[in-house]
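Asker: Sending over run.txt (compact mmCIF, C-alpha atoms).
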```
# COMPACT_ATOMS: atom_id res chain seq x y z
CA MET A 1 41.97 -21.50 28.67
CA SER A 2 39.63 -18.60 27.97
CA PRO A 3 37.07 -18.91 25.13
CA GLN A 4 38.95 -16.22 23.20
CA ASN A 5 42.11 -18.37 23.15
CA GLN A 6 40.46 -21.67 22.24
CA THR A 7 41.40 -23.15 18.87
CA PRO A 8 38.35 -23.42 16.58
CA PRO A 9 37.31 -27.00 15.79
CA LYS A 10 38.87 -28.42 12.66
CA PRO A 11 36.65 -27.91 9.60
CA PHE A 12 35.12 -31.02 8.12
CA LYS A 13 35.11 -31.94 4.43
CA ILE A 14 31.49 -32.02 3.27
CA CYS A 15 30.20 -33.13 -0.12
CA LEU A 16 26.95 -31.42 -1.13
CA VAL A 17 25.19 -33.36 -3.89
CA GLU A 18 22.64 -31.39 -5.94
CA PRO A 19 21.44 -32.94 -9.22
CA PHE A 20 19.07 -30.02 -9.92
CA PHE A 21 21.47 -27.09 -9.76
CA THR A 22 19.35 -24.08 -10.62
CA GLY A 23 17.10 -21.47 -9.02
CA SER A 24 16.66 -21.63 -5.27
CA HIS A 25 18.56 -24.93 -5.02
CA GLN A 26 21.63 -23.35 -6.62
CA ARG A 27 21.46 -20.17 -4.55
CA TRP A 28 21.08 -22.09 -1.31
CA ALA A 29 24.03 -24.37 -2.05
CA ASN A 30 26.38 -21.61 -3.21
CA GLU A 31 25.46 -19.25 -0.39
CA PHE A 32 25.96 -21.83 2.32
CA ALA A 33 29.21 -23.15 0.82
CA SER A 34 30.62 -19.62 0.75
CA ARG A 35 29.72 -18.94 4.40
CA SER A 36 30.33 -22.21 6.22
CA ARG A 37 33.47 -22.73 8.29
CA HIS A 38 33.56 -26.23 6.78
CA ARG A 39 34.95 -27.10 3.37
CA ILE A 40 31.92 -27.78 1.19
CA ASP A 41 32.42 -29.24 -2.29
CA ILE A 42 29.36 -29.09 -4.52
CA LEU A 43 28.66 -31.92 -6.96
CA SER A 44 25.97 -30.84 -9.39
CA LEU A 45 24.16 -31.34 -12.67
CA PRO A 46 22.23 -28.72 -14.66
CA GLY A 47 18.74 -27.99 -13.32
CA CYS A 48 16.59 -29.47 -16.08
CA HIS A 49 14.73 -32.73 -16.88
CA TRP A 50 13.72 -33.11 -13.23
CA LYS A 51 12.18 -36.57 -13.63
CA TRP A 52 15.31 -37.95 -15.24
CA ARG A 53 17.40 -36.30 -12.53
CA MET A 54 15.46 -38.19 -9.87
CA HIS A 55 15.77 -41.46 -11.77
CA GLY A 56 19.24 -41.35 -13.28
CA ALA A 57 21.36 -38.65 -11.68
CA ALA A 58 22.45 -40.91 -8.82
CA VAL A 59 24.63 -43.00 -11.14
CA THR A 60 26.25 -39.96 -12.73
CA MET A 61 26.77 -38.27 -9.37
CA ALA A 62 28.37 -41.43 -7.95
CA GLU A 63 30.89 -41.36 -10.79
CA LYS A 64 31.63 -37.70 -10.07
CA TYR A 65 32.06 -38.46 -6.37
CA ARG A 66 34.49 -41.31 -7.07
CA ALA A 67 36.46 -39.16 -9.51
CA HIS A 68 37.10 -36.62 -6.73
CA GLY A 69 39.04 -39.25 -4.82
CA ILE A 70 38.36 -37.48 -1.52
CA GLN A 71 37.37 -39.14 1.74
CA TYR A 72 34.60 -36.82 2.92
CA ASP A 73 33.55 -36.52 6.54
CA ALA A 74 29.87 -36.28 5.57
CA ILE A 75 27.56 -36.10 2.56
CA VAL A 76 24.50 -33.85 2.23
CA ALA A 77 22.20 -34.68 -0.69
CA SER A 78 19.17 -32.79 -1.91
CA ASP A 79 15.74 -34.38 -2.25
CA MET A 80 16.26 -34.58 -6.03
CA LEU A 81 18.78 -37.43 -5.59
CA ASP A 82 17.91 -41.11 -5.34
CA LEU A 83 20.16 -41.61 -2.35
CA THR A 84 19.77 -45.39 -2.24
CA VAL A 85 21.15 -45.82 -5.77
CA PHE A 86 23.90 -43.27 -5.12
CA LEU A 87 25.12 -45.10 -2.01
CA SER A 88 24.83 -48.53 -3.63
CA CYS A 89 27.21 -47.36 -6.36
CA LEU A 90 29.68 -46.20 -3.70
CA ARG A 91 29.57 -49.03 -1.16
CA ASP A 92 33.30 -49.06 -0.50
CA GLU A 93 33.82 -45.30 -0.59
CA THR A 94 30.92 -44.30 1.68
CA ALA A 95 30.52 -47.29 4.00
CA ARG A 96 31.44 -45.21 7.06
CA THR A 97 30.44 -41.77 5.78
CA PRO A 98 27.37 -40.24 7.47
CA VAL A 99 24.75 -38.95 5.07
CA ALA A 100 21.92 -36.42 5.32
CA VAL A 101 19.14 -35.42 2.94
CA TYR A 102 17.95 -31.82 2.69
CA PHE A 103 14.33 -31.51 1.57
CA HIS A 104 13.63 -28.33 -0.37
CA GLU A 105 10.40 -29.97 -1.53
CA ASN A 106 9.05 -33.50 -1.87
CA GLN A 107 7.08 -35.36 -4.52
CA LEU A 108 4.74 -36.97 -1.99
CA LEU A 109 2.87 -33.71 -1.42
CA TYR A 110 3.77 -31.70 -4.52
CA PRO A 111 0.64 -30.86 -6.55
CA TRP A 112 1.06 -32.28 -10.03
CA SER A 113 -0.16 -30.30 -12.99
CA PRO A 114 -3.22 -31.85 -14.64
CA ARG A 115 -1.33 -31.51 -17.91
CA ASP A 116 1.33 -34.02 -16.75
CA SER A 117 1.04 -37.36 -18.54
CA ASP A 118 2.55 -39.32 -15.63
CA THR A 119 -0.38 -38.35 -13.41
CA LYS A 120 -2.92 -39.44 -16.01
CA LYS A 121 -1.14 -42.80 -16.45
CA GLY A 122 -0.58 -43.41 -12.73
CA ARG A 123 3.22 -43.30 -12.99
CA ASP A 124 3.77 -40.55 -10.46
CA LEU A 125 4.12 -42.61 -7.26
CA HIS A 126 7.72 -43.62 -7.81
CA TYR A 127 9.07 -40.10 -7.40
CA ALA A 128 7.53 -39.95 -3.92
CA PHE A 129 8.97 -43.40 -3.21
CA ILE A 130 12.44 -42.10 -4.06
CA ASN A 131 11.97 -39.37 -1.44
CA TYR A 132 10.77 -41.97 1.08
CA SER A 133 13.62 -44.43 0.49
CA SER A 134 16.21 -41.64 0.52
CA ALA A 135 14.95 -40.43 3.90
CA LEU A 136 15.05 -44.00 5.18
CA ALA A 137 18.63 -44.52 3.98
CA ALA A 138 19.91 -41.24 5.48
CA ASP A 139 21.40 -40.80 8.93
CA ALA A 140 19.67 -37.41 9.21
CA THR A 141 16.88 -35.73 7.30
CA TYR A 142 16.56 -31.94 7.25
CA PHE A 143 13.42 -30.08 6.18
CA ASN A 144 13.34 -26.40 5.27
CA SER A 145 10.30 -25.63 7.49
CA ASN A 146 8.27 -27.12 10.31
CA TYR A 147 5.30 -27.38 7.98
CA HIS A 148 7.34 -29.37 5.49
CA ARG A 149 8.65 -31.79 8.11
CA THR A 150 5.33 -32.51 9.81
CA SER A 151 3.28 -32.73 6.60
CA PHE A 152 5.72 -35.15 4.97
CA LEU A 153 5.92 -37.41 8.00
CA ASP A 154 2.15 -37.34 8.52
CA ALA A 155 1.53 -38.27 4.88
CA LEU A 156 3.92 -41.22 4.77
CA PRO A 157 1.66 -43.86 6.40
CA ASN A 158 -1.20 -43.37 3.92
CA PHE A 159 1.29 -43.29 1.07
CA LEU A 160 2.77 -46.64 2.08
CA LYS A 161 -0.71 -48.14 2.52
CA ARG A 162 -1.28 -47.69 -1.20
CA TYR A 163 1.03 -50.65 -1.82
CA PRO A 164 -0.43 -54.20 -1.78
CA ASP A 165 1.65 -55.81 1.00
CA PHE A 166 4.84 -55.49 3.09
CA GLN A 167 4.07 -51.82 3.54
CA ASN A 168 6.81 -51.29 6.17
CA LEU A 169 4.81 -48.77 8.18
CA ASP A 170 7.25 -49.13 11.07
CA THR A 171 9.90 -47.35 8.99
CA VAL A 172 8.01 -44.07 9.41
CA SER A 173 9.05 -43.87 13.05
CA THR A 174 12.69 -44.39 12.03
CA ILE A 175 12.50 -41.49 9.59
CA ARG A 176 10.67 -39.35 12.14
CA HIS A 177 13.39 -39.98 14.73
CA ASN A 178 16.10 -38.76 12.35
CA ALA A 179 14.12 -35.77 11.03
CA SER A 180 14.56 -32.15 12.05
CA THR A 181 13.86 -28.67 10.73
CA LEU A 182 16.80 -26.76 9.28
CA TRP A 183 15.25 -23.53 8.09
CA LEU A 184 16.15 -22.35 4.62
CA GLY A 185 19.09 -19.98 4.79
CA MET A 186 18.67 -16.82 2.70
CA ASP A 187 20.75 -13.81 1.76
CA LEU A 188 18.15 -11.25 2.82
CA LYS A 189 20.83 -8.65 3.46
CA ALA A 190 21.57 -8.61 -0.27
CA LEU A 191 18.14 -7.03 -0.74
CA ASP A 192 18.98 -4.24 1.70
CA SER A 193 21.51 -2.70 -0.64
CA PHE A 194 18.70 -1.66 -2.98
CA ARG A 195 16.26 -0.34 -0.38
CA CYS A 196 14.01 2.45 -1.64
CA PRO A 197 10.68 3.97 -0.49
CA ASN A 198 7.51 2.00 -1.16
CA ARG A 199 4.82 3.34 -3.46
CA GLY A 200 2.92 4.90 -0.58
CA LYS A 201 5.43 7.75 -0.48
CA MET A 202 4.72 8.83 -4.04
CA ALA A 203 1.52 7.32 -5.47
CA ASP A 204 -2.21 7.14 -4.83
CA LYS A 205 -2.53 3.50 -5.84
CA PRO A 206 -0.58 0.50 -4.54
CA LEU A 207 1.75 -1.80 -6.43
CA ILE A 208 0.76 -5.46 -6.11
CA VAL A 209 3.56 -7.94 -6.77
CA TRP A 210 3.70 -11.56 -7.99
CA ASN A 211 7.27 -12.87 -7.54
CA HIS A 212 6.81 -16.62 -7.97
CA ARG A 213 7.31 -19.14 -10.77
CA TRP A 214 4.62 -19.00 -13.45
CA GLU A 215 3.56 -22.55 -12.68
CA TYR A 216 0.50 -24.54 -11.69
CA ASP A 217 1.37 -25.02 -8.00
CA LYS A 218 1.52 -21.23 -7.46
CA ASN A 219 -2.12 -20.93 -8.61
CA PRO A 220 -1.86 -17.93 -10.95
CA ILE A 221 -5.46 -18.50 -12.08
CA GLY A 222 -6.72 -17.79 -8.54
CA PHE A 223 -4.40 -14.79 -8.29
CA PHE A 224 -5.77 -13.19 -11.45
CA ARG A 225 -9.33 -14.04 -10.47
CA ILE A 226 -8.90 -11.95 -7.30
CA LEU A 227 -7.41 -9.07 -9.29
CA TYR A 228 -10.27 -9.10 -11.78
CA GLY A 229 -12.60 -8.89 -8.78
CA LEU A 230 -10.78 -5.76 -7.61
CA VAL A 231 -11.20 -4.18 -11.03
CA GLU A 232 -14.91 -4.98 -11.07
CA GLN A 233 -15.28 -3.13 -7.75
CA GLY A 234 -13.40 -0.09 -9.03
CA ILE A 235 -10.22 -0.67 -6.98
CA ASP A 236 -7.20 0.87 -8.70
CA PHE A 237 -3.73 -0.69 -8.49
CA ASP A 238 -0.57 -1.37 -10.47
CA LEU A 239 0.89 -4.83 -10.96
CA ALA A 240 4.41 -6.30 -11.22
CA LEU A 241 4.47 -9.86 -12.58
CA LEU A 242 7.95 -11.16 -11.75
CA GLY A 243 9.33 -14.68 -11.58
CA GLU A 244 10.36 -17.44 -13.96
CA GLY A 245 8.02 -17.99 -16.89
CA PHE A 246 7.32 -20.87 -19.26
CA GLU A 247 8.90 -21.28 -22.69
CA GLU A 248 5.33 -20.94 -23.97
CA GLU A 249 3.36 -18.12 -22.39
CA PRO A 250 0.44 -19.56 -20.36
CA PRO A 251 -3.01 -18.49 -21.60
CA TYR A 252 -4.01 -17.01 -18.23
CA PHE A 253 -0.96 -14.73 -18.26
CA LYS A 254 -1.81 -13.70 -21.82
CA GLU A 255 -5.34 -12.90 -20.69
CA ALA A 256 -4.03 -10.86 -17.76
CA LYS A 257 -1.76 -8.90 -20.09
CA GLU A 258 -4.79 -8.03 -22.23
CA ARG A 259 -7.14 -7.22 -19.35
CA LEU A 260 -4.67 -5.47 -17.04
CA GLY A 261 -2.15 -4.18 -19.57
CA ASN A 262 -2.35 -0.52 -18.54
CA GLN A 263 -1.72 -1.47 -14.92
CA ILE A 264 1.24 -3.82 -15.47
CA VAL A 265 4.58 -2.12 -14.75
CA GLN A 266 6.67 -5.28 -15.20
CA TYR A 267 5.81 -8.45 -17.12
CA GLY A 268 8.22 -11.34 -16.63
CA LYS A 269 11.56 -11.93 -14.99
CA VAL A 270 13.84 -8.91 -14.69
CA PRO A 271 17.43 -9.45 -15.89
CA LEU A 272 19.23 -8.13 -12.80
CA PHE A 273 18.89 -8.90 -9.10
CA SER A 274 19.08 -5.18 -8.40
CA ASP A 275 15.96 -4.62 -10.52
CA TYR A 276 14.15 -7.39 -8.69
CA ALA A 277 15.15 -6.02 -5.28
CA ARG A 278 14.08 -2.46 -6.11
CA LEU A 279 10.68 -3.63 -7.34
CA LEU A 280 10.14 -5.57 -4.10
CA TRP A 281 11.03 -2.53 -1.99
CA GLU A 282 8.78 -0.35 -4.14
CA ALA A 283 5.86 -2.81 -3.98
CA ASP A 284 3.14 -2.51 -1.34
CA ILE A 285 1.14 -5.74 -1.42
CA SER A 286 2.21 -9.35 -1.90
CA LEU A 287 -0.93 -11.33 -2.78
CA VAL A 288 -0.23 -15.08 -2.49
CA THR A 289 -2.53 -17.83 -3.79
CA SER A 290 -0.19 -20.85 -3.91
CA ARG A 291 -1.45 -24.40 -3.69
CA GLN A 292 1.90 -25.53 -2.37
CA ASP A 293 4.87 -23.90 -0.67
CA PHE A 294 7.15 -25.95 1.52
CA PHE A 295 8.94 -22.79 2.66
CA GLY A 296 8.04 -19.80 0.47
CA GLN A 297 11.33 -18.05 -0.28
CA SER A 298 9.78 -15.43 -2.56
CA VAL A 299 7.12 -14.68 0.08
CA VAL A 300 9.77 -14.19 2.77
CA GLU A 301 11.69 -11.86 0.45
CA SER A 302 8.60 -9.72 -0.14
CA ILE A 303 7.84 -9.57 3.60
CA HIS A 304 11.43 -8.57 4.35
CA CYS A 305 11.06 -5.70 1.86
CA GLY A 306 7.98 -4.38 3.64
CA CYS A 307 5.22 -5.71 1.38
CA HIS A 308 1.91 -6.32 3.12
CA PRO A 309 1.32 -10.06 2.64
CA ILE A 310 -2.13 -11.50 1.93
CA LEU A 311 -1.57 -15.18 2.67
CA PRO A 312 -3.60 -18.39 2.67
CA ASN A 313 -3.83 -19.78 6.20
CA ARG A 314 -2.09 -23.01 5.24
CA LEU A 315 1.20 -24.45 3.96
CA ALA A 316 4.39 -22.89 5.40
CA TYR A 317 3.11 -19.33 5.77
CA PRO A 318 1.94 -19.65 9.41
CA ASN A 319 5.56 -20.66 10.18
CA HIS A 320 6.63 -17.13 9.22
CA LEU A 321 3.83 -15.07 10.77
CA GLU A 322 1.49 -16.14 13.58
CA PRO A 323 -2.05 -16.01 12.11
CA SER A 324 -3.63 -15.17 15.48
CA GLN A 325 -1.47 -12.05 15.68
CA TRP A 326 -1.72 -11.08 12.00
CA SER A 327 -5.31 -11.99 11.19
CA GLN A 328 -5.56 -9.15 8.67
CA ASN A 329 -2.90 -10.91 6.59
CA PHE A 330 -4.39 -14.43 6.43
CA TYR A 331 -7.42 -15.77 4.58
CA GLU A 332 -9.32 -19.02 4.35
CA THR A 333 -11.15 -18.52 1.04
CA GLU A 334 -10.56 -16.65 -2.18
CA ASP A 335 -13.45 -14.31 -1.40
CA GLU A 336 -11.82 -13.44 1.92
CA ALA A 337 -8.51 -12.78 0.16
CA ARG A 338 -10.25 -10.30 -2.11
CA ARG A 339 -11.97 -8.65 0.86
CA LEU A 340 -8.72 -8.31 2.82
CA THR A 341 -6.97 -6.81 -0.18
CA ILE A 342 -9.75 -4.30 -0.71
CA GLU A 343 -9.73 -3.33 2.97
CA LEU A 344 -5.96 -2.89 2.91
CA ILE A 345 -6.18 -0.59 -0.10
CA GLN A 346 -9.22 1.42 0.93
CA SER A 347 -7.94 1.96 4.48
CA GLY A 348 -4.68 3.42 3.19
CA ALA A 349 -2.69 1.05 5.43
CA TRP A 350 -0.66 -0.01 2.38
CA LYS A 351 1.00 3.43 2.31
CA LYS A 352 3.33 2.43 5.16
CA PRO A 353 5.61 -0.65 4.99
CA PHE A 354 4.43 -3.83 6.69
CA GLN A 355 5.22 -3.73 10.39
CA GLY A 356 6.09 -7.42 10.67
CA ALA A 357 9.04 -7.37 8.28
CA SER A 358 11.58 -8.05 11.05
CA LEU A 359 9.87 -11.37 11.89
CA VAL A 360 11.59 -13.09 8.95
CA SER A 361 15.09 -11.70 9.61
CA HIS A 362 16.22 -14.91 11.34
CA TYR A 363 16.31 -16.68 7.96
CA ASP A 364 19.28 -14.57 6.91
CA TRP A 365 22.57 -16.46 6.70
CA SER A 366 24.00 -14.19 9.41
CA ASN A 367 21.76 -16.13 11.79
CA GLN A 368 21.54 -19.50 10.01
CA THR A 369 25.17 -20.29 9.16
CA ARG A 370 26.10 -21.08 12.75
CA ILE A 371 23.11 -23.41 13.03
CA TYR A 372 23.98 -25.17 9.76
CA ASP A 373 27.58 -25.63 10.81
CA SER A 374 26.46 -27.09 14.12
CA CYS A 375 24.26 -29.60 12.28
CA LEU A 376 27.21 -30.60 10.11
CA ASP A 377 29.39 -30.98 13.21
CA GLN A 378 26.86 -33.43 14.62
CA LEU A 379 26.40 -35.23 11.31
CA ALA A 380 30.12 -35.74 10.71
CA GLN A 381 30.52 -37.28 14.17
CA LEU A 382 27.76 -39.85 13.77
CA ARG A 383 29.88 -42.75 12.54
CA LYS A 384 33.12 -41.87 14.24
CA SER A 385 34.37 -44.90 16.16
```
I need this file expressed as structure tokens, please.
Answerer:
Amino acid sequence: MSPQNQTPPKPFKICLVEPFFTGSHQRWANEFASRSRHRIDILSLPGCHWKWRMHGAAVTMAEKYRAHGIQYDAIVASDMLDLTVFLSCLRDETARTPVAVYFHENQLLYPWSPRDSDTKKGRDLHYAFINYSSALAADATYFNSNYHRTSFLDALPNFLKRYPDFQNLDTVSTIRHNASTLWLGMDLKALDSFRCPNRGKMADKPLIVWNHRWEYDKNPIGFFRILYGLVEQGIDFDLALLGEGFEEEPPYFKEAKERLGNQIVQYGKVPLFSDYARLLWEADISLVTSRQDFFGQSVVESIHCGCHPILPNRLAYPNHLEPSQWSQNFYETEDEARRLTIELIQSGAWKKPFQGASLVSHYDWSNQTRIYDSCLDQLAQLRKS
């Protein structure tokens, strides 16, 4: 029988469990479910109270799963679920159902804000332990980047050594054996519908963009410090401050609004995706100062839209661009970031879109869906007798 006449494999029934259904977690789940050849049912809870989600959502999600009354071929849970509690509540229903965990982030390596009371009181270790035990209980563990996978696995031994005895260090090799990278799927083509010329076609000064959450781990203080350095050296630019903000405006954003007010063309999240996309296409420079990024979805979006990235040579960013080939886009220190930005502006190179934009195109779902479906094929077959 020729390949054209072969019957496609029967779709599997997959349950995707996401207790923190908002932002990038929500987009990823909805986008994959709409593209997969498999039937994917999403069990979710609103994306708030993240600590309580990690502690208590497993019980609620188990009740939701049982209420569906469906025998699924496989379960995929996000890292926000305590998988061990979830499965213990469903011993009869899931005894022969293969299970995977998808790590968008992890609490073992996530930089906690100094304002968080759990850090000050030493109560933060258990969230990392939930990630560890969930990975141990899963048949397969998927990470959204190579950096994320290797850094998590490398950090586990020292994490377990913090406990007084029975540290179970041998379990790390079990988790490592079942771990793989399943790159974050993204709808980059949705941005293409709003393509427009960058600033270089119409202006004498570049537009610098911030398109991340307004949170501690993205290091906005370092970002603004670099910009103030540009101002002190007489470098002119405009600024778009996008992304999710706090309920209470952080003081360093307030200060930036006062000091850079005349240069700010957008302050805060825009209401429509089309507005966001157009600003990314119009922008020229994406200056990144994050302390943590397990993948960097907003960075990939800006690169795809032709922004010249100025990236720290750490975290997931070298997974997207090879630093040895794009040395003008990577820095080691804040001073070097400021120097690279100044050189980019003064040279006029910002006037043309970034030449490496195509290097992130493989994250689009048009390339990733087939890979995801193949992973689910393998997962669903794991416990077949």
Asker: With a distance cut-off of 12 Å and all atoms listed in the file, select the neighbouring residues of region 152-156 of chain A, excluding the residue or stretch itself and same-chain residues fewer than 3 positions from it, and output the selection as a ChimeraX atom specification.
Answerer: /A:103-110,128-129,131-133,135-136,141-149,159-163,167-181,294,315
Asker: In Å, with one decimal, what is the gap from CA of Pro11 (chain A) to CA of Ser134 (chain A)?
Answerer: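 We find that CA of Pro11 (chain A) and CA of Ser134 (chain A) lie 26.2 Å from each other.
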Asker: When you draw a straight line from CA of Phe223 (chain A) to CA of Lys269 (chain A), how long is it in Å?
Answerer: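 Rounded to one decimal, the two atoms are 17.5 Å apart.
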Asker: Rounded to one decimal, what separation in Å do you get between CA of Leu230 (chain A) and CA of Ile345 (chain A)?
Answerer: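 Calculated distance between CA of Leu230 (chain A) and CA of Ile345 (chain A) is 10.2 Å.
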Asker: Between A:Ala138, A:Gly185, A:Arg195, A:Gln381, which has the minimum distance to Arg35 (chain A) (counting all atoms listed in the file)?
Answerer: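 Of the candidates, the smallest distance to Arg35 (chain A) is held by A:Gly185.
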Asker: What lies within 9 Å of Asp41 (chain A) using only C-alpha atoms, ignoring chain neighbours under 2 positions off, as a PyMOL selection string?
Answerer: chain A and resi 13-17+33+39+43
Asker: Take every atom of region 89-101 of chain A listed in the file, fit an axis-aligned box around them, add 5 Å per side, and give the centre and edge lengths in Å to one decimal as AutoDock Vina command-line options.
Answerer:
```
--center_x 26.5 --center_y -42.2 --center_z 0.6 --size_x 24.7 --size_y 23.6 --size_z 23.8
```
Asker: Please determine, counting all atoms listed in the file, which residue among A:Leu184, A:Ala74, A:Leu280, A:Leu340 has the shortest atom-to-atom distance to His38 (chain A).
Answerer: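 Between A:Leu184, A:Ala74, A:Leu280, A:Leu340, the residue approaching His38 (chain A) most closely is A:Ala74.
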Asker: Counting all atoms listed in the file, which of A:Gly261, A:Gly23, A:Pro164, A:Pro98 gets nearest to Asp139 (chain A)?
Answerer: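 Closest to Asp139 (chain A) of all the choices is A:Pro98.
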Asker: Identify which of the residues A:Phe86, A:Thr94, A:Ile264, A:Trp52 lies closest to Ile70 (chain A), counting all atoms listed in the file when measuring atom-to-atom distances.
Answerer: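 So, comparing all the options, the nearest one is A:Thr94.
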Asker: So which residues touch Ala62 (chain A) within 9 Å, counting all atoms listed in the file, skipping near sequence neighbours fewer than 4 positions away, as number ranges by chain?
Answerer: A: 57-58, 66-67, 85-87, 89-90
Asker: Take the residues that were just selected and, keeping C-alpha atoms, output them as a PDB file, in the coordinates of the input.
Answerer:
```pdb
ATOM      1  CA  ALA A  57      21.360 -38.650 -11.680  1.00  0.00           C
ATOM      2  CA  ALA A  58      22.450 -40.910  -8.820  1.00  0.00           C
ATOM      3  CA  ARG A  66      34.490 -41.310  -7.070  1.00  0.00           C
ATOM      4  CA  ALA A  67      36.460 -39.160  -9.510  1.00  0.00           C
ATOM      5  CA  VAL A  85      21.150 -45.820  -5.770  1.00  0.00           C
ATOM      6  CA  PHE A  86      23.900 -43.270  -5.120  1.00  0.00           C
ATOM      7  CA  LEU A  87      25.120 -45.100  -2.010  1.00  0.00           C
ATOM      8  CA  CYS A  89      27.210 -47.360  -6.360  1.00  0.00           C
ATOM      9  CA  LEU A  90      29.680 -46.200  -3.700  1.00  0.00           C
TER      10      LEU A  90
END
```
Asker: With distances taken over all atoms listed in the file, which residue among A:Thr60, A:Ser24, A:Thr369, A:Ser286 lies nearest Ala337 (chain A)?
Answerer: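 When distances to Ala337 (chain A) are compared using all atoms listed in the file, the smallest one comes from A:Ser286.
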Asker: Which of these residues is nearest to Cys375 (chain A), using all atoms listed in the file: A:Val265, A:Met202, A:Cys307, A:Ala100?
Answerer: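 With all atoms listed in the file as the atom set, the closest residue is A:Ala100.
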Asker: Give me the residues within 12 Å of Glu248 (chain A) as a list in words, counting all atoms listed in the file and dropping any in the same chain fewer than 4 places off.
Answerer: Trp214, Glu215, Glu244, Tyr252, Phe253 and Lys254 of chain A
Asker: Take the residues from that selection and write them out as an mmCIF file, keeping the file's coordinate frame, keeping C-alpha atoms.
Answerer:
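This went into again23.cif:
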```cif
data_model
loop_
_atom_site.group_PDB
_atom_site.id
_atom_site.type_symbol
_atom_site.label_atom_id
_atom_site.label_comp_id
_atom_site.auth_asym_id
_atom_site.auth_seq_id
_atom_site.Cartn_x
_atom_site.Cartn_y
_atom_site.Cartn_z
ATOM 1 C CA TRP A 214 4.620 -19.000 -13.450
ATOM 2 C CA GLU A 215 3.560 -22.550 -12.680
ATOM 3 C CA GLU A 244 10.360 -17.440 -13.960
ATOM 4 C CA TYR A 252 -4.010 -17.010 -18.230
ATOM 5 C CA PHE A 253 -0.960 -14.730 -18.260
ATOM 6 C CA LYS A 254 -1.810 -13.700 -21.820
#
```
Asker: Compile the contact shell of Pro206 (chain A) as a CSV table (one decimal) with C-alpha atoms, keeping the file's coordinate frame: residues with an atom at most 9 Å away, counting all atoms listed in the file, same-chain residues fewer than 6 positions apart removed.
Answerer:
```csv
chain,number,residue,atom,x,y,z
A,198,ASN,CA,7.5,2.0,-1.2
A,199,ARG,CA,4.8,3.3,-3.5
A,200,GLY,CA,2.9,4.9,-0.6
A,236,ASP,CA,-7.2,0.9,-8.7
A,237,PHE,CA,-3.7,-0.7,-8.5
A,238,ASP,CA,-0.6,-1.4,-10.5
A,239,LEU,CA,0.9,-4.8,-11.0
A,283,ALA,CA,5.9,-2.8,-4.0
A,284,ASP,CA,3.1,-2.5,-1.3
A,285,ILE,CA,1.1,-5.7,-1.4
A,345,ILE,CA,-6.2,-0.6,-0.1
A,350,TRP,CA,-0.7,0.0,2.4
A,351,LYS,CA,1.0,3.4,2.3
```
